[in-house]
$ cat target.cif   # mmCIF, C-alpha atoms and all ligand atoms
data_final
loop_
_atom_site.label_atom_id
_atom_site.label_comp_id
_atom_site.auth_asym_id
_atom_site.auth_seq_id
_atom_site.Cartn_x
_atom_site.Cartn_y
_atom_site.Cartn_z
CA MET A 1 77.06 6.85 -182.13
CA THR A 2 79.38 5.31 -179.54
CA LEU A 3 83.11 4.74 -179.90
CA LEU A 4 85.00 2.29 -177.69
CA SER A 5 88.66 3.26 -177.79
CA ASP A 6 92.00 1.94 -176.53
CA ALA A 7 90.70 -1.62 -176.47
CA THR A 8 92.50 -4.91 -177.01
CA LEU A 9 90.22 -6.35 -179.69
CA VAL A 10 89.78 -10.04 -180.39
CA LEU A 11 88.94 -9.93 -184.10
CA PRO A 12 88.46 -12.95 -186.42
CA VAL A 13 91.93 -12.23 -187.85
CA GLY A 14 93.71 -11.90 -184.53
CA VAL A 15 94.28 -9.70 -181.50
CA VAL A 16 94.68 -5.95 -182.11
CA GLN A 17 95.99 -3.65 -179.38
CA GLY A 18 95.01 0.01 -179.22
CA GLY A 19 91.88 -0.82 -181.20
CA TRP A 20 88.52 0.89 -181.47
CA VAL A 21 84.94 -0.12 -182.25
CA ALA A 22 82.31 2.29 -183.61
CA ILE A 23 78.68 1.50 -182.84
CA ALA A 24 75.48 3.07 -184.16
CA ALA A 25 71.84 1.98 -184.25
CA GLY A 26 72.65 -1.25 -182.42
CA ARG A 27 75.30 -2.39 -184.87
CA ILE A 28 79.05 -2.35 -185.23
CA THR A 29 79.74 0.20 -187.98
CA ALA A 30 83.54 0.16 -188.07
CA VAL A 31 86.51 -1.48 -186.33
CA GLY A 32 90.15 -0.47 -186.47
CA GLY A 33 93.57 -0.42 -184.89
CA PRO A 34 95.89 2.43 -183.96
CA GLU A 35 97.01 2.90 -187.57
CA ARG A 36 93.55 3.57 -188.89
CA SER A 37 91.90 6.95 -188.39
CA ARG A 38 88.81 6.56 -186.32
CA PRO A 39 85.50 8.41 -186.60
CA ARG A 40 85.42 11.93 -185.04
CA ASP A 41 83.22 13.53 -182.41
CA PRO A 42 81.28 10.56 -181.18
CA ASP A 43 80.59 9.62 -177.60
CA VAL A 44 84.04 8.10 -176.73
CA LEU A 45 84.61 5.53 -174.01
CA ASP A 46 88.28 4.87 -173.28
CA LEU A 47 88.71 1.27 -172.15
CA GLY A 48 92.29 1.62 -170.95
CA GLY A 49 93.52 -1.47 -172.79
CA CYS A 50 90.74 -3.83 -171.63
CA TRP A 51 89.80 -6.76 -173.84
CA VAL A 52 86.78 -6.45 -176.13
CA VAL A 53 85.38 -9.72 -177.46
CA PRO A 54 82.14 -10.65 -179.22
CA GLY A 55 79.21 -11.65 -177.00
CA PHE A 56 79.05 -15.39 -176.41
CA VAL A 57 76.60 -17.75 -178.11
CA ASP A 58 75.48 -20.76 -176.04
CA LEU A 59 73.92 -23.62 -178.01
CA HIS A 60 73.13 -25.69 -174.92
CA VAL A 61 71.77 -24.28 -171.68
CA HIS A 62 68.98 -25.66 -169.51
CA GLY A 63 68.84 -23.15 -166.71
CA GLY A 64 70.49 -21.00 -164.10
CA GLY A 65 69.67 -18.74 -161.20
CA GLY A 66 67.69 -21.59 -159.58
CA GLN A 67 65.35 -22.00 -162.56
CA SER A 68 64.94 -24.34 -165.56
CA TYR A 69 63.75 -23.46 -169.05
CA GLY A 70 61.75 -26.69 -169.00
CA SER A 71 59.39 -25.20 -166.43
CA GLY A 72 57.94 -22.97 -169.14
CA GLU A 73 57.33 -20.23 -166.55
CA PRO A 74 57.86 -16.77 -168.08
CA ALA A 75 59.44 -15.30 -164.92
CA ALA A 76 61.83 -18.25 -164.66
CA ILE A 77 62.81 -17.96 -168.32
CA GLY A 78 63.62 -14.27 -167.87
CA ALA A 79 65.71 -14.93 -164.75
CA ILE A 80 67.79 -17.59 -166.52
CA SER A 81 68.50 -15.34 -169.49
CA SER A 82 69.51 -12.44 -167.22
CA LEU A 83 71.90 -14.63 -165.25
CA HIS A 84 73.70 -15.91 -168.34
CA ARG A 85 73.74 -12.50 -170.01
CA ALA A 86 75.55 -11.12 -166.97
CA HIS A 87 78.17 -13.85 -167.61
CA GLY A 88 78.58 -12.89 -171.27
CA THR A 89 76.02 -15.03 -173.11
CA THR A 90 74.29 -12.57 -175.42
CA SER A 91 72.67 -15.23 -177.67
CA ALA A 92 71.33 -18.54 -176.38
CA LEU A 93 69.31 -21.53 -177.33
CA ALA A 94 67.11 -22.67 -174.46
CA SER A 95 67.56 -26.42 -174.09
CA LEU A 96 64.62 -28.62 -173.23
CA ALA A 97 65.57 -31.81 -171.42
CA THR A 98 63.65 -34.96 -172.33
CA ALA A 99 60.38 -35.04 -170.41
CA PRO A 100 56.90 -36.45 -171.10
CA LEU A 101 55.93 -35.10 -174.54
CA ASP A 102 53.05 -32.90 -173.37
CA GLU A 103 55.42 -31.17 -170.92
CA MET A 104 58.02 -30.61 -173.65
CA LEU A 105 55.37 -29.18 -175.98
CA ARG A 106 54.01 -26.84 -173.32
CA ALA A 107 57.50 -25.58 -172.39
CA ALA A 108 58.35 -25.19 -176.10
CA ALA A 109 55.34 -22.93 -176.63
CA ALA A 110 56.32 -20.76 -173.65
CA LEU A 111 59.92 -20.52 -174.91
CA ALA A 112 58.70 -19.56 -178.40
CA ASP A 113 57.02 -16.51 -176.81
CA VAL A 114 60.35 -15.48 -175.27
CA VAL A 115 62.19 -15.99 -178.57
CA GLU A 116 59.65 -13.75 -180.27
CA ALA A 117 60.16 -11.14 -177.54
CA GLY A 118 63.86 -11.12 -178.50
CA THR A 119 65.35 -12.46 -175.27
CA LEU A 120 66.29 -15.90 -176.61
CA THR A 121 67.66 -16.92 -180.01
CA GLY A 122 65.86 -20.22 -180.29
CA ILE A 123 65.17 -23.62 -178.79
CA HIS A 124 67.21 -26.83 -178.56
CA ALA A 125 65.28 -30.05 -177.95
CA GLU A 126 67.59 -32.52 -176.19
CA GLY A 127 65.42 -35.49 -177.08
CA PRO A 128 63.04 -37.14 -176.86
CA PHE A 129 64.67 -39.44 -179.48
CA LEU A 130 67.63 -40.48 -177.32
CA SER A 131 69.11 -43.79 -176.22
CA PRO A 132 67.82 -44.86 -172.78
CA ALA A 133 71.13 -46.71 -172.36
CA HIS A 134 72.98 -43.37 -172.55
CA ALA A 135 70.48 -41.23 -170.71
CA GLY A 136 72.98 -39.32 -168.58
CA GLU A 137 70.95 -36.59 -166.89
CA GLN A 138 67.91 -37.27 -169.09
CA ASP A 139 64.84 -39.25 -168.09
CA PRO A 140 64.98 -42.63 -169.92
CA ALA A 141 61.27 -43.27 -169.28
CA ALA A 142 60.32 -40.25 -171.40
CA MET A 143 62.51 -41.19 -174.37
CA LEU A 144 60.74 -42.10 -177.63
CA VAL A 145 61.71 -43.88 -180.81
CA PRO A 146 61.97 -41.51 -183.79
CA ASP A 147 58.52 -40.55 -184.98
CA ALA A 148 57.81 -38.02 -187.73
CA ASP A 149 54.54 -37.04 -186.12
CA VAL A 150 56.18 -36.21 -182.79
CA LEU A 151 58.86 -34.20 -184.61
CA THR A 152 56.14 -32.19 -186.37
CA GLN A 153 54.40 -31.53 -183.04
CA LEU A 154 57.69 -30.28 -181.56
CA ILE A 155 58.46 -28.05 -184.53
CA ASN A 156 54.93 -26.62 -184.45
CA ALA A 157 55.04 -26.02 -180.68
CA CYS A 158 58.30 -24.10 -181.16
CA ARG A 159 56.64 -22.03 -183.95
CA GLY A 160 59.67 -22.12 -186.21
CA HIS A 161 62.18 -21.48 -183.42
CA LEU A 162 63.43 -25.05 -182.97
CA ARG A 163 67.07 -24.61 -184.03
CA VAL A 164 68.69 -27.83 -182.81
CA LEU A 165 67.42 -31.36 -182.21
CA THR A 166 69.68 -33.80 -180.37
CA LEU A 167 69.06 -37.43 -181.28
CA ALA A 168 70.66 -40.88 -181.11
CA PRO A 169 71.31 -42.15 -184.68
CA GLU A 170 71.14 -45.85 -183.80
CA LEU A 171 67.42 -45.69 -183.06
CA PRO A 172 65.11 -47.16 -185.72
CA GLY A 173 64.05 -44.48 -188.19
CA ALA A 174 66.62 -41.98 -186.91
CA LEU A 175 68.28 -41.32 -190.28
CA GLU A 176 64.95 -40.53 -191.93
CA LEU A 177 64.19 -38.18 -189.04
CA VAL A 178 67.55 -36.41 -189.51
CA ARG A 179 66.57 -35.67 -193.12
CA ARG A 180 63.12 -34.43 -192.11
CA ALA A 181 64.47 -32.16 -189.39
CA VAL A 182 67.15 -30.68 -191.68
CA ASP A 183 64.50 -30.11 -194.39
CA ARG A 184 62.51 -28.10 -191.84
CA GLY A 185 65.53 -25.92 -191.01
CA VAL A 186 66.46 -27.67 -187.76
CA ALA A 187 70.14 -28.53 -187.21
CA VAL A 188 70.60 -32.09 -185.96
CA ALA A 189 73.05 -32.90 -183.18
CA VAL A 190 74.22 -36.43 -182.38
CA GLY A 191 74.11 -37.15 -178.66
CA HIS A 192 73.01 -39.43 -175.82
CA THR A 193 73.95 -42.26 -178.11
CA GLY A 194 75.63 -45.62 -178.33
CA ALA A 195 75.88 -45.44 -182.13
CA GLY A 196 78.98 -46.87 -183.75
CA TYR A 197 81.32 -45.12 -186.15
CA GLU A 198 79.58 -46.23 -189.39
CA ARG A 199 76.09 -45.41 -188.18
CA THR A 200 77.21 -41.98 -187.01
CA LEU A 201 78.79 -41.30 -190.42
CA SER A 202 75.43 -42.24 -191.98
CA ALA A 203 73.71 -39.70 -189.74
CA ILE A 204 76.23 -37.06 -190.83
CA ASP A 205 75.59 -38.00 -194.47
CA ALA A 206 71.87 -37.58 -193.76
CA GLY A 207 72.55 -34.04 -192.55
CA ALA A 208 73.62 -34.06 -188.88
CA THR A 209 76.08 -31.20 -188.28
CA LEU A 210 76.56 -31.03 -184.52
CA ALA A 211 77.74 -33.18 -181.63
CA THR A 212 75.98 -32.64 -178.33
CA HIS A 213 78.50 -32.49 -175.46
CA LEU A 214 81.07 -34.71 -177.17
CA PHE A 215 82.37 -37.55 -174.91
CA HIS A 216 79.52 -37.13 -172.41
CA ALA A 217 76.62 -39.66 -172.44
CA GLN A 218 78.25 -41.77 -175.16
CA PRO A 219 80.90 -44.50 -175.11
CA GLY A 220 84.46 -43.42 -175.79
CA PRO A 221 86.40 -44.70 -178.80
CA THR A 222 88.39 -47.91 -178.57
CA GLN A 223 91.10 -49.25 -180.86
CA ARG A 224 88.56 -51.29 -182.87
CA GLU A 225 85.51 -49.05 -182.67
CA PRO A 226 86.05 -45.30 -183.10
CA GLY A 227 82.38 -44.92 -182.20
CA ALA A 228 80.29 -41.79 -182.49
CA VAL A 229 83.12 -39.81 -180.90
CA GLY A 230 85.53 -40.87 -183.66
CA ALA A 231 83.10 -40.05 -186.48
CA LEU A 232 82.12 -36.68 -184.99
CA LEU A 233 85.72 -35.64 -184.36
CA GLU A 234 86.78 -36.69 -187.82
CA HIS A 235 84.11 -35.21 -190.07
CA PRO A 236 84.88 -31.69 -191.37
CA ASP A 237 81.19 -30.71 -191.48
CA VAL A 238 80.56 -31.33 -187.77
CA VAL A 239 80.84 -28.78 -184.96
CA VAL A 240 81.42 -30.45 -181.60
CA GLN A 241 80.06 -29.07 -178.33
CA LEU A 242 82.43 -29.23 -175.38
CA ILE A 243 81.69 -28.44 -171.73
CA ALA A 244 84.83 -26.75 -170.40
CA ASP A 245 84.14 -27.14 -166.69
CA GLY A 246 86.89 -29.62 -165.80
CA ILE A 247 84.19 -32.08 -164.62
CA HIS A 248 82.58 -33.27 -167.86
CA LEU A 249 85.87 -33.20 -169.74
CA HIS A 250 89.52 -33.36 -168.75
CA ASP A 251 91.42 -30.20 -169.67
CA ALA A 252 93.92 -32.23 -171.70
CA LEU A 253 91.12 -33.60 -173.92
CA LEU A 254 89.63 -30.14 -174.23
CA ALA A 255 92.91 -28.75 -175.56
CA MET A 256 93.44 -31.83 -177.75
CA VAL A 257 90.07 -31.41 -179.49
CA PHE A 258 90.92 -27.79 -180.31
CA ARG A 259 94.20 -28.92 -181.87
CA LEU A 260 92.52 -31.74 -183.78
CA CYS A 261 89.42 -29.92 -185.05
CA GLY A 262 90.39 -26.24 -185.01
CA ALA A 263 88.27 -23.58 -183.32
CA GLU A 264 86.00 -23.39 -186.39
CA ARG A 265 84.65 -26.81 -185.37
CA VAL A 266 84.38 -26.38 -181.59
CA ALA A 267 81.46 -24.77 -179.74
CA LEU A 268 82.01 -24.21 -176.04
CA VAL A 269 78.63 -24.69 -174.37
CA THR A 270 77.63 -24.58 -170.72
CA ASP A 271 74.91 -27.28 -170.56
CA ALA A 272 74.13 -25.28 -167.41
CA MET A 273 71.29 -26.37 -165.17
CA ALA A 274 69.35 -24.52 -162.50
CA ALA A 275 72.25 -24.37 -160.03
CA ALA A 276 74.41 -22.21 -162.32
CA GLY A 277 74.96 -18.92 -160.56
CA VAL A 278 73.33 -19.95 -157.28
CA GLY A 279 75.43 -22.69 -155.76
CA ASP A 280 74.78 -25.96 -154.00
CA GLY A 281 71.35 -27.42 -153.26
CA ARG A 282 68.61 -29.62 -154.70
CA TYR A 283 67.00 -28.81 -158.05
CA GLU A 284 64.58 -30.20 -160.60
CA VAL A 285 65.98 -30.87 -164.09
CA GLY A 286 63.27 -32.09 -166.44
CA SER A 287 61.51 -34.67 -164.34
CA ARG A 288 64.60 -35.60 -162.28
CA GLN A 289 65.88 -34.52 -158.90
CA VAL A 290 69.44 -33.28 -158.95
CA GLU A 291 71.76 -32.54 -156.07
CA VAL A 292 74.62 -30.07 -156.42
CA ARG A 293 77.56 -30.31 -154.04
CA GLY A 294 80.76 -28.35 -154.50
CA GLY A 295 79.56 -27.18 -157.92
CA VAL A 296 79.11 -30.76 -159.22
CA ALA A 297 75.53 -31.64 -160.21
CA LEU A 298 74.51 -35.31 -159.85
CA VAL A 299 71.22 -37.07 -160.63
CA GLU A 300 69.81 -38.46 -157.37
CA GLY A 301 69.72 -42.24 -157.35
CA THR A 302 71.98 -42.75 -160.39
CA GLY A 303 75.01 -40.58 -159.66
CA ALA A 304 75.12 -39.45 -163.33
CA VAL A 305 76.55 -36.00 -163.95
CA ALA A 306 73.51 -33.82 -164.53
CA GLY A 307 74.51 -30.83 -166.58
CA SER A 308 76.89 -28.23 -165.30
CA THR A 309 76.91 -25.14 -163.13
CA LEU A 310 79.09 -23.46 -165.73
CA THR A 311 78.77 -19.99 -167.25
CA GLN A 312 80.51 -19.06 -170.50
CA ASP A 313 82.89 -16.54 -168.91
CA ALA A 314 84.15 -19.33 -166.63
CA ALA A 315 84.45 -21.63 -169.68
CA LEU A 316 86.62 -18.97 -171.35
CA ARG A 317 89.01 -18.80 -168.40
CA ARG A 318 89.11 -22.58 -168.00
CA ALA A 319 89.96 -23.17 -171.66
CA VAL A 320 92.65 -20.48 -171.63
CA ASP A 321 94.13 -22.05 -168.48
CA ALA A 322 94.07 -25.42 -170.28
CA GLY A 323 96.42 -23.92 -172.87
CA VAL A 324 94.01 -23.12 -175.71
CA PRO A 325 94.97 -19.82 -177.43
CA LEU A 326 92.60 -16.98 -176.48
CA LEU A 327 91.62 -16.30 -180.09
CA ASP A 328 90.55 -19.94 -180.50
CA VAL A 329 88.60 -19.90 -177.25
CA VAL A 330 86.75 -16.73 -178.25
CA THR A 331 85.98 -18.21 -181.69
CA ALA A 332 84.54 -21.33 -180.03
CA LEU A 333 82.37 -19.17 -177.78
CA SER A 334 81.03 -16.88 -180.50
CA ALA A 335 81.62 -17.22 -184.25
CA THR A 336 81.55 -21.03 -184.42
CA PRO A 337 78.31 -21.58 -182.49
CA ALA A 338 76.69 -18.66 -184.34
CA ARG A 339 77.61 -20.20 -187.69
CA ALA A 340 76.45 -23.64 -186.53
CA ILE A 341 72.87 -22.42 -186.19
CA GLY A 342 72.91 -20.06 -189.16
CA ILE A 343 73.11 -16.72 -187.31
CA GLY A 344 76.74 -15.94 -188.15
CA ASP A 345 75.57 -13.12 -190.44
CA ARG A 346 73.99 -11.35 -187.42
CA VAL A 347 76.18 -12.04 -184.37
CA GLY A 348 79.37 -13.74 -183.25
CA ALA A 349 82.22 -11.45 -184.29
CA LEU A 350 83.51 -7.88 -184.05
CA VAL A 351 82.78 -7.17 -187.68
CA PRO A 352 81.00 -4.15 -189.24
CA GLY A 353 77.35 -4.89 -189.97
CA LEU A 354 76.86 -7.38 -187.15
CA ALA A 355 74.87 -6.64 -183.99
CA ALA A 356 76.81 -4.73 -181.34
CA ASP A 357 76.76 -7.66 -178.90
CA LEU A 358 80.10 -7.44 -177.15
CA LEU A 359 81.89 -7.88 -173.87
CA VAL A 360 84.56 -5.88 -172.07
CA LEU A 361 86.93 -8.15 -170.12
CA GLY A 362 89.41 -7.14 -167.45
CA PRO A 363 93.03 -8.35 -167.24
CA GLY A 364 91.98 -11.65 -165.60
CA LEU A 365 89.39 -12.19 -168.36
CA GLU A 366 86.60 -11.36 -165.90
CA ILE A 367 83.48 -9.67 -167.27
CA ASP A 368 83.57 -5.92 -166.85
CA GLY A 369 80.95 -4.85 -169.38
CA VAL A 370 78.16 -6.47 -171.41
CA MET A 371 76.62 -4.76 -174.43
CA VAL A 372 73.59 -6.21 -176.21
CA GLY A 373 72.37 -4.62 -179.43
CA GLY A 374 74.40 -1.47 -178.78
CA SER A 375 73.08 -0.90 -175.22
CA TRP A 376 75.04 -1.58 -172.07
CA LEU A 377 73.43 -4.24 -169.91
CA ARG A 378 76.36 -3.63 -167.63
CA ALA A 379 78.59 -0.64 -168.34
CA PRO A 380 82.34 -1.11 -167.83
CA HIS A 381 84.05 0.58 -164.90
ZN ZN B 401 72.81 -33.98 -172.32
#

$ encode --input "target.cif" --output "structure tokens" --more "lines below"
Ligand SMILES: [Zn+2]
Amino acid sequence: MTLLSDATLVLPVGVVQGGWVAIAAGRITAVGGPERSRPRDPDVLDLGGCWVVPGFVDLHVHGGGGQSYGSGEPAAIGAISSLHRAHGTTSALASLATAPLDEMLRAAAALADVVEAGTLTGIHAEGPFLSPAHAGEQDPAAMLVPDADVLTQLINACRGHLRVLTLAPELPGALELVRRAVDRGVAVAVGHTGAGYERTLSAIDAGATLATHLFHAQPGPTQREPGAVGALLEHPDVVVQLIADGIHLHDALLAMVFRLCGAERVALVTDAMAAAGVGDGRYEVGSRQVEVRGGVALVEGTGAVAGSTLTQDAALRRAVDAGVPLLDVVTALSATPARAIGIGDRVGALVPGLAADLLVLGPGLEIDGVMVGGSWLRAPH
């Protein structure tokens, strides 16, 4: 058994100073504050007042460390996961960008192996049923109209590990596909879309529960057409993904969405591509060439923003600097995304019974320690 003591805990109910966390067999067994007597004689680690927060859950990440999940290369997949784990992401869905279907299926099969090995939580297919008119960083030539047979091929290639499918609801047959995906246990996210308000509400009625990088790769609301953004912001059953990098989304909008939706409906994702953690250069994202300069990733030839170079620890600091309360930011990085894909009973909070996936943060909210399943990946100083 391990006991972390003198920690500033970010619990679902609030921040507790002088707190402690007891860990055994990979799980959190008890949590308390200074008033509660803590277990005796364990292996005690005094954290000197450092923050302890749950490990982050990223619903949308394409790559990092110079590599993309879409490559399907086992060594690349491992390198990406290690990079993001070092930045606090202890659970992640590997996102597949839209690419020719046979490439997506091959990469999906390779990712399913990694999920089964326990390194990844699941797979997010960003397409191929997206709007070519709102392609953003995705390849419009590889986009397909909704097709039940293609969906079945994707689900089968992922061997039950497809957790999220991003689609554009205005495409013909999209609503039927939402129902099919949800029936097969796949959460549907609305994204890369030009759908209007009514059509988006129909997709939510059909079972869509997520918004892929809200505001990005979709038209903004106007006074006469609230659009997909309006419907997704409004509906209480929808969790909206935000990319808190100051490039995809203005800090004022970031803070506004937290106030409007509450942290229970916001998931802070990275949408990170290969350049996360390695810096400027040229990279392949799906079948597109991307150039990163000064941390901004742009699709060559189109100038579209091509995913981020963000990590979730940087998203935490950015959102706090934007004025979002720390408790809300932590919720949007852990409990909310975990609940959105049905793993909230396993990870996402400092609660007895859940996996001991947690982070130790220093006074500037920088990562000082990363624990996964009760073992230190990086022990705190
Ligand atoms: Zn996207």

$ closest_atom_pairs --input "target.cif" --of "chain A" --to "ligand ZN 401 (chain B)" --cutoff "7 Å" --atoms "only C-alpha atoms and all ligand atoms" --output "JSON lines"
{"residue": "A:Glu126", "atom": "CA", "partner": "B:ZN401", "partner_atom": "ZN", "distance": 6.7}
{"residue": "A:Gly136", "atom": "CA", "partner": "B:ZN401", "partner_atom": "ZN", "distance": 6.5}
{"residue": "A:Glu137", "atom": "CA", "partner": "B:ZN401", "partner_atom": "ZN", "distance": 6.3}
{"residue": "A:Gln138", "atom": "CA", "partner": "B:ZN401", "partner_atom": "ZN", "distance": 6.7}
{"residue": "A:His192", "atom": "CA", "partner": "B:ZN401", "partner_atom": "ZN", "distance": 6.5}
{"residue": "A:Thr212", "atom": "CA", "partner": "B:ZN401", "partner_atom": "ZN", "distance": 6.9}
{"residue": "A:His213", "atom": "CA", "partner": "B:ZN401", "partner_atom": "ZN", "distance": 6.7}
{"residue": "A:Ala217", "atom": "CA", "partner": "B:ZN401", "partner_atom": "ZN", "distance": 6.8}
{"residue": "A:Gly307", "atom": "CA", "partner": "B:ZN401", "partner_atom": "ZN", "distance": 6.8}

$ residues_around --input "target.cif" --residues "Ala181 of chain A" --least-positions-apart "5" --cutoff "10 Å" --atoms "only C-alpha atoms" --output "list of chain:residue names"
A:Ala148, A:Leu151, A:Thr152, A:Ile155, A:Leu162, A:Arg163, A:Val164, A:Leu165, A:Leu175, A:Glu176, A:Val186, A:Ala187, A:Val188, A:Gly207, A:Ala208

$ closest_residue --input "target.cif" --among "A:Gly185, A:Gly70, A:Arg180, A:Gly64" --to "Gly279 of chain A" --atoms "all atoms listed in the file"
A:Gly64

$ closest_residue --input "target.cif" --among "A:Gly303, A:Asp328, A:Asp237, A:Tyr197" --to "Gly220 of chain A" --atoms "all atoms listed in the file"
A:Tyr197

$ residues_around --input "target.cif" --residues "Ser81 of chain A" --least-positions-apart "4" --cutoff "12 Å" --atoms "all atoms listed in the file" --output "compact mmCIF listing (two decimals) with C-alpha atoms, in the coordinates of the input"
# COMPACT_ATOMS: atom_id res chain seq x y z
CA ASP A 58 75.48 -20.76 -176.04
CA VAL A 61 71.77 -24.28 -171.68
CA HIS A 62 68.98 -25.66 -169.51
CA GLY A 63 68.84 -23.15 -166.71
CA GLY A 64 70.49 -21.00 -164.10
CA GLY A 65 69.67 -18.74 -161.20
CA GLY A 66 67.69 -21.59 -159.58
CA GLN A 67 65.35 -22.00 -162.56
CA SER A 68 64.94 -24.34 -165.56
CA TYR A 69 63.75 -23.46 -169.05
CA PRO A 74 57.86 -16.77 -168.08
CA ALA A 75 59.44 -15.30 -164.92
CA ALA A 76 61.83 -18.25 -164.66
CA ILE A 77 62.81 -17.96 -168.32
CA ARG A 85 73.74 -12.50 -170.01
CA ALA A 86 75.55 -11.12 -166.97
CA HIS A 87 78.17 -13.85 -167.61
CA GLY A 88 78.58 -12.89 -171.27
CA THR A 89 76.02 -15.03 -173.11
CA THR A 90 74.29 -12.57 -175.42
CA SER A 91 72.67 -15.23 -177.67
CA ALA A 92 71.33 -18.54 -176.38
CA LEU A 93 69.31 -21.53 -177.33
CA ALA A 94 67.11 -22.67 -174.46
CA LEU A 111 59.92 -20.52 -174.91
CA VAL A 114 60.35 -15.48 -175.27
CA VAL A 115 62.19 -15.99 -178.57
CA GLY A 118 63.86 -11.12 -178.50
CA THR A 119 65.35 -12.46 -175.27
CA LEU A 120 66.29 -15.90 -176.61
CA THR A 121 67.66 -16.92 -180.01
CA ALA A 272 74.13 -25.28 -167.41
CA ALA A 274 69.35 -24.52 -162.50
CA ALA A 276 74.41 -22.21 -162.32
CA GLY A 277 74.96 -18.92 -160.56
CA THR A 311 78.77 -19.99 -167.25

$ residues_around --input "target.cif" --residues "Leu101 of chain A" --least-positions-apart "5" --cutoff "10 Å" --atoms "all atoms listed in the file" --output "list in words"
Arg106, Ala107, Gly127, Pro128, Ala142, Met143, Leu144, Val150, Gln153 and Leu154 of chain A

$ atom_distance --input "target.cif" --atom1 "atom CA of Leu254 of chain A" --atom2 "atom CA of Ser334 of chain A"
17.0 Å

$ atom_distance --input "target.cif" --atom1 "atom CA of Ser71 of chain A" --atom2 "atom CA of Val145 of chain A"
23.7 Å
